[in-house]
Amino acid sequence: MQDVKAPLREALKTALERLGVEPPATIPVEPAPKGKPGDYGTPLPFQLARRLKKPPPEIARALAEALPPLPGLAEALPVGGFLNFRLEPGYLVGLATEPPAPRPPSGGKVLLEHTSVNPNKELHIGHLRNVALGDAMARILAYAGRVVEVANYIDDTGRQAAESLFAIARYREAPGEGEKYDHFAGRLYVRLHRELGEEGKKEVLEPEIREVLRRLEAGELRAEVERILTAQLATMWRLGAEYDVLLWESDIVREGLLEKALALLKTTPYVLEPEEGKYRGALVFDTSKFIPGLEDPYLVLVRSDGTATYTAKDIALQFWKMGLLSGLKFRPYTAQPSGRPLFTSHPQGEPMPFGGASETINVIDVRQSYPQEVLKAALRALGRDDLAAGHHHLAYETVLLEGRPLSGRKGHVVSVDALVQEAVARARAIVAEKNPDHPDPELAAEQVGIGAIRFAMVKAEPRRQIDFRWDQALSFEGDAGPYLQYAHARAASILRKAREKGLDPEAPLPEGAVGTAGGYEVALAKVLLGFPEAVEKSAVERTPHLLAAHLLDLAAAWNAYYNAKEDGQPATPVLAAPEGLRELRLRLVWVVKETLRQGLALLGVPAPEVM
RNA sequence: GCGCCCGUAGCUCAGCAGGAUAGAGCGAGCGCCUCCUAAGCGCUAGGUCGGAGGUUCGAAUCCUCCCGGGCGCACCA
């Protein structure tokens with residue numbers, strides 16, 4: 001797939017030089033709105049009007065005349081103050097006869113952390129948004145040419161893990177028939193909280209919970225945590241999300257990273273131990289220089305009882321991620337469904353080249369914005385403004401369930417496993433209804449169910465609150481994952497039939513084939529050509545929803561092409577088209593299918609060949 | 001109180017490093033399977049882009065203020 005805008009920009013730049021005008025840093029070129037003449041256009045004359053003291057239409061005419069010869073350009077049309085370009089159909093379609101390709105990786109490493117669910121209970125739909133966003137973002141960045149490392153942080157020394165493990169030990173219950181271990185742990189966790197709510201229980205049980213916490217910090221209960229983690233990973237994997245490395249909090253502490261981070265910070269004037277006042281005996285970080293406007297800029301890193309806060313551990317982790325600290329050891333953990341190896345930090349591991357990133361992205365909900373700012377502040381306290389600028393918080397709004405906030409205590413939650421099960425069941429019913437002869441209905445049901453869920457989680461702007469509603473999230477019509485999948489399957493079907501007839505969609509086009517292109521092909525090609533830009537924009541702005549929107553456009557353009565009729569007759573048959581045009585159309589179908597496949601892959605949505 | 005985010009069609013949302021008559025989906029109405037998958041396509045109806053100022057040749061997009069909603073401002077995890 002070739003860039004259609006770049007040559008136009010180049011030509012405009014040359015024209016400006018010929019007119020003796022200094023070209024602006026970026027020359028805008030956009031598709032012409034429908035109803036306007038030409039295929040692409042630029043508002044450049046408006047921008048130059050003031051400087052040149054000439055009316056825009058006059059500048060547009062002058063630019064048109066000064067344009068160098070340009071392959072594929074049929075006509076340069078001044079339209080009011082715009083300068084539009086009409087391109088030869090064959091040229092335009094020719095640019096779209098190769099599928100898009102990923103960019104080769106280059107530059108520094110981007111360490112993206114997502115999921116990071118407490119290893120104490122099953123995932124719910126709030127976590128789902130994190131996994132879907134993080135996994136899609138990682139794929140998009142890698143495709144756009146970044147070197148990406150995906151980390152999942154395991155908070156194994158937290159209160160929640162301790163409570164679940166304590167509950168499991170206390171109630172001596174076994175998982176129910178077919179009950180996943182994370183659900184089991186979550187169920188007993190809830191039971192424990194009910195008991196803790198009873199009169200006087202908290203005081204009695206608290207020391208025992210603290211003892212579990214101590215053993216967790218010592219790493220004595222790692223196998224117990226892993227049992228829950230393994231069950232959670234099964235859920236992430238079924239969703240199609242994978243990771244490169246697990247980072248255990250207990251390892252960070254045990255390998256002394258926390259101590260090292262605090263030591264680094266203590267060398268700065270911003271970290272102090274007040275001898276009086278409310279922070280007496282604690283180690284605090286004065287953030288006032290970095291986060292202005294706070295009523296109380298002091299942030300506790302180590303409590304007066306000597307225990308470290310989450311913030312302190314997060315800072316240590318951030319320092320490690322950006323190569324300011326070393327000492328973590330790793331070893332292989334397991335193979336993931338795709339075959340991609342998963343590593344884990346481990347006390348008996350070896351040094352491996354994880355971390356040391358120049359850029360970090362934390363996928364975490366918007367309520368964590370302040371702690372994320374603190375991470376930057378800590379980097380700046382060390383004088384590393386460069387690293388602070390390289391840290392990004394991919395903040396997403398929380399998920400509501402049927403209009404109300406999720407609440408584990410009130411039982412107002414839906415687990416990801418239950419959601420997936422329901423989605424696949426609904427998909428199974430629809431596959432049976434729509435395509436009773438499907439060769440592998442179970443595969444299709446799984447792909448469509450997962451696809452619907454994952455697309456629902458990434459199609460909205462991350463900073464918009466999602467109200468999860470069953471009927472909407474599992475909709476198989478309209479702006480939804482299955483719509484894209486259906487478009488893909490339709491294209492795949494044509495390709496399959498073509499190959500049965502002995503045609504090769506990937507074969508080089510015969511001489512003159514692109515010349516047979518008409519308006520339908522041009523319209524489709526123009527949408528296809530927008531794909532690389534959509535991916536890049538998603539990567540730069542760190543949000544998958546832009547790519548999601550483009551894929552919907554592409555699928556719509558393809559469906560419109562597929563259904564085009566003139567006088568009630570199909571206007572764009574592929575296999576029944578005359579030779580030459582048939583090869584061109586087939587080629588375009590192949591490019592559509594490949595583009596959808598790649599785009600869906602970037603969102604973590606499966607692309608069924610048949611559905 | 002201070003700070004951040006959101007406010008676009010009846011509902012759910014795109015568009016927001018300023019550009020051409022503001023776009024989808026759902027829902028409503030009408031139409032399209034003797035044609036490569038109708039999970040699709042076409043047409044119709046539906047909008048003072050929360051409000052008011054400002055900047056600009058041009059504002060949904062940038063700035064200011066106001067209104068409405070969400071979130072954050074713990075030696076909690």
# chains A, B, ... in the order shown; residues from 1 in each chain; ligands from 1

$ residues_around --residues "C2 in chain B" --least-positions-apart "2" --cutoff "12 Å" --atoms "only C-alpha atoms (C1' of nucleotides)" --output "list in words"
Pro292, Gly293, Leu294, Glu295 and Asp296 of chain A; C4, G72 and C73 of chain B

$ write_last_selection --atoms "N, CA and C atoms (P, O5', C5', C4', C3', O3' and C1' of nucleotides)" --output "PDB file, in the first residue's frame"
ATOM      1  N   PRO A 292       2.434  21.579  41.007  1.00  0.00           N
ATOM      2  CA  PRO A 292       2.017  22.787  41.720  1.00  0.00           C
ATOM      3  C   PRO A 292       0.519  22.782  42.010  1.00  0.00           C
ATOM      4  N   GLY A 293       0.154  23.572  42.994  1.00  0.00           N
ATOM      5  CA  GLY A 293      -1.275  23.759  43.252  1.00  0.00           C
ATOM      6  C   GLY A 293      -1.875  22.807  44.259  1.00  0.00           C
ATOM      7  N   LEU A 294      -1.073  21.908  44.817  1.00  0.00           N
ATOM      8  CA  LEU A 294      -1.623  20.973  45.792  1.00  0.00           C
ATOM      9  C   LEU A 294      -1.704  21.642  47.167  1.00  0.00           C
ATOM     10  N   GLU A 295      -2.772  21.347  47.872  1.00  0.00           N
ATOM     11  CA  GLU A 295      -2.899  21.875  49.226  1.00  0.00           C
ATOM     12  C   GLU A 295      -1.763  21.347  50.091  1.00  0.00           C
ATOM     13  N   ASP A 296      -1.571  20.035  49.992  1.00  0.00           N
ATOM     14  CA  ASP A 296      -0.512  19.398  50.763  1.00  0.00           C
ATOM     15  C   ASP A 296       0.393  18.644  49.791  1.00  0.00           C
TER      16      ASP A 296
ATOM     17  P     C B   4      -6.817  21.788  35.732  1.00  0.00           P
ATOM     18  O5'   C B   4      -7.116  20.254  35.398  1.00  0.00           O
ATOM     19  C5'   C B   4      -6.050  19.366  35.105  1.00  0.00           C
ATOM     20  C4'   C B   4      -6.570  17.956  34.970  1.00  0.00           C
ATOM     21  C3'   C B   4      -7.658  17.754  33.932  1.00  0.00           C
ATOM     22  O3'   C B   4      -7.143  17.656  32.615  1.00  0.00           O
ATOM     23  C1'   C B   4      -8.293  16.671  35.921  1.00  0.00           C
ATOM     24  P     G B  72     -12.529   8.831  43.082  1.00  0.00           P
ATOM     25  O5'   G B  72     -11.215   9.723  43.086  1.00  0.00           O
ATOM     26  C5'   G B  72     -10.059   9.297  42.389  1.00  0.00           C
ATOM     27  C4'   G B  72      -9.042  10.411  42.367  1.00  0.00           C
ATOM     28  C3'   G B  72      -8.691  10.980  43.729  1.00  0.00           C
ATOM     29  O3'   G B  72      -7.753  10.157  44.387  1.00  0.00           O
ATOM     30  C1'   G B  72      -9.058  12.744  42.211  1.00  0.00           C
ATOM     31  P     C B  73      -7.513  10.358  45.962  1.00  0.00           P
ATOM     32  O5'   C B  73      -6.644  11.687  45.950  1.00  0.00           O
ATOM     33  C5'   C B  73      -6.150  12.221  47.152  1.00  0.00           C
ATOM     34  C4'   C B  73      -5.802  13.673  46.967  1.00  0.00           C
ATOM     35  C3'   C B  73      -6.104  14.526  48.187  1.00  0.00           C
ATOM     36  O3'   C B  73      -5.047  14.451  49.133  1.00  0.00           O
ATOM     37  C1'   C B  73      -7.004  15.568  46.281  1.00  0.00           C
TER      38        C B  73
END

$ interface_residues --of "chain B" --to "chain A" --cutoff "9 Å" --atoms "only C-alpha atoms (C1' of nucleotides)" --output "ChimeraX atom specification"
/B:2-6,12-14,19-21,24-26,32,35-37,39-42,57-58,70-73,75,77

$ residues_around --residues "Pro23 in chain A" --least-positions-apart "6" --cutoff "12 Å" --atoms "only C-alpha atoms (C1' of nucleotides)" --output "list in words"
Arg9, Glu10, Ala11, Leu12, Lys13, Thr14, Ala15, Leu16, Glu17, Leu44, Pro45, Gln47, Leu48, Arg51 and Leu63 of chain A

$ write_last_selection --atoms "N, CA and C atoms" --output "mmCIF file, in the first residue's frame"
data_model
loop_
_atom_site.group_PDB
_atom_site.id
_atom_site.type_symbol
_atom_site.label_atom_id
_atom_site.label_comp_id
_atom_site.auth_asym_id
_atom_site.auth_seq_id
_atom_site.Cartn_x
_atom_site.Cartn_y
_atom_site.Cartn_z
ATOM 1 N N ARG A 9 1.895 16.341 -1.329
ATOM 2 C CA ARG A 9 2.584 17.303 -0.458
ATOM 3 C C ARG A 9 3.890 17.770 -1.090
ATOM 4 N N GLU A 10 4.607 16.785 -1.642
ATOM 5 C CA GLU A 10 5.883 17.107 -2.283
ATOM 6 C C GLU A 10 5.688 18.100 -3.425
ATOM 7 N N ALA A 11 4.651 17.809 -4.221
ATOM 8 C CA ALA A 11 4.386 18.666 -5.381
ATOM 9 C C ALA A 11 4.023 20.079 -4.933
ATOM 10 N N LEU A 12 3.220 20.161 -3.872
ATOM 11 C CA LEU A 12 2.834 21.478 -3.354
ATOM 12 C C LEU A 12 4.062 22.229 -2.852
ATOM 13 N N LYS A 13 4.954 21.463 -2.217
ATOM 14 C CA LYS A 13 6.173 22.084 -1.701
ATOM 15 C C LYS A 13 6.997 22.659 -2.853
ATOM 16 N N THR A 14 7.121 21.863 -3.915
ATOM 17 C CA THR A 14 7.860 22.341 -5.083
ATOM 18 C C THR A 14 7.194 23.581 -5.680
ATOM 19 N N ALA A 15 5.862 23.542 -5.768
ATOM 20 C CA ALA A 15 5.136 24.682 -6.336
ATOM 21 C C ALA A 15 5.387 25.935 -5.498
ATOM 22 N N LEU A 16 5.376 25.768 -4.188
ATOM 23 C CA LEU A 16 5.621 26.916 -3.309
ATOM 24 C C LEU A 16 7.015 27.474 -3.550
ATOM 25 N N GLU A 17 7.975 26.574 -3.672
ATOM 26 C CA GLU A 17 9.348 27.033 -3.899
ATOM 27 C C GLU A 17 9.458 27.800 -5.218
ATOM 28 N N LEU A 44 -4.368 24.990 1.862
ATOM 29 C CA LEU A 44 -3.127 25.767 1.942
ATOM 30 C C LEU A 44 -3.299 27.246 1.540
ATOM 31 N N PRO A 45 -4.026 27.553 0.469
ATOM 32 C CA PRO A 45 -4.146 28.963 0.068
ATOM 33 C C PRO A 45 -4.685 29.865 1.186
ATOM 34 N N GLN A 47 -4.159 29.529 4.303
ATOM 35 C CA GLN A 47 -3.106 29.750 5.289
ATOM 36 C C GLN A 47 -2.062 30.737 4.792
ATOM 37 N N LEU A 48 -1.951 30.839 3.467
ATOM 38 C CA LEU A 48 -0.924 31.720 2.915
ATOM 39 C C LEU A 48 -1.463 33.116 2.613
ATOM 40 N N ARG A 51 -0.049 36.103 4.632
ATOM 41 C CA ARG A 51 1.376 36.334 4.391
ATOM 42 C C ARG A 51 1.612 36.909 2.996
ATOM 43 N N LEU A 63 -0.877 28.304 -7.469
ATOM 44 C CA LEU A 63 -0.301 27.022 -7.050
ATOM 45 C C LEU A 63 -0.555 25.958 -8.113
#

$ closest_residue --among "B:G18, B:U34, B:A74, B:U61" --to "C49 in chain B" --atoms "only C-alpha atoms (C1' of nucleotides)"
B:U61

$ residues_around --residues "Glu163 in chain A" --least-positions-apart "3" --cutoff "12 Å" --atoms "only C-alpha atoms (C1' of nucleotides)" --output "PyMOL selection string"
(chain A and resi 118-121+156-160+166-171+185-193+195-196+205-214+216+225) or (chain B and resi 77)

$ residues_around --residues "G50 in chain B" --least-positions-apart "6" --cutoff "10 Å" --atoms "only C-alpha atoms (C1' of nucleotides)" --output "list in words"
G7, U8, C67 and G68 of chain B

$ select_by_dssp --residues "range 197-320 of chain A" --states "strand (DSSP E or B)" --output "PyMOL selection string"
chain A and resi 245-248+271-272+283-286+298-302+308

$ write_last_selection --atoms "C-alpha atoms" --output "mmCIF file, in the first residue's frame"
data_model
loop_
_atom_site.group_PDB
_atom_site.id
_atom_site.type_symbol
_atom_site.label_atom_id
_atom_site.label_comp_id
_atom_site.auth_asym_id
_atom_site.auth_seq_id
_atom_site.Cartn_x
_atom_site.Cartn_y
_atom_site.Cartn_z
ATOM 1 C CA VAL A 245 7.114 -10.614 31.350
ATOM 2 C CA LEU A 246 5.500 -10.830 34.774
ATOM 3 C CA LEU A 247 6.921 -8.458 37.361
ATOM 4 C CA TRP A 248 6.349 -9.594 40.913
ATOM 5 C CA VAL A 271 12.808 13.803 49.944
ATOM 6 C CA LEU A 272 12.987 14.379 53.645
ATOM 7 C CA LEU A 283 9.872 9.639 54.730
ATOM 8 C CA VAL A 284 8.063 12.110 52.510
ATOM 9 C CA PHE A 285 8.415 13.434 48.989
ATOM 10 C CA ASP A 286 7.854 17.154 48.564
ATOM 11 C CA TYR A 298 3.921 16.044 50.885
ATOM 12 C CA LEU A 299 3.570 12.476 49.840
ATOM 13 C CA VAL A 300 4.483 9.662 52.175
ATOM 14 C CA LEU A 301 6.949 7.122 50.791
ATOM 15 C CA VAL A 302 7.752 5.266 54.001
ATOM 16 C CA ALA A 308 6.673 1.420 52.339
#

$ residues_around --residues "range 53-56 of chain B" --least-positions-apart "4" --cutoff "10 Å" --atoms "only C-alpha atoms (C1' of nucleotides)" --output "ChimeraX atom specification"
/B:18,62-65

$ atom_distance --atom1 "CA of Arg542 in chain A" --atom2 "CA of Ala452 in chain A"
21.7 Å
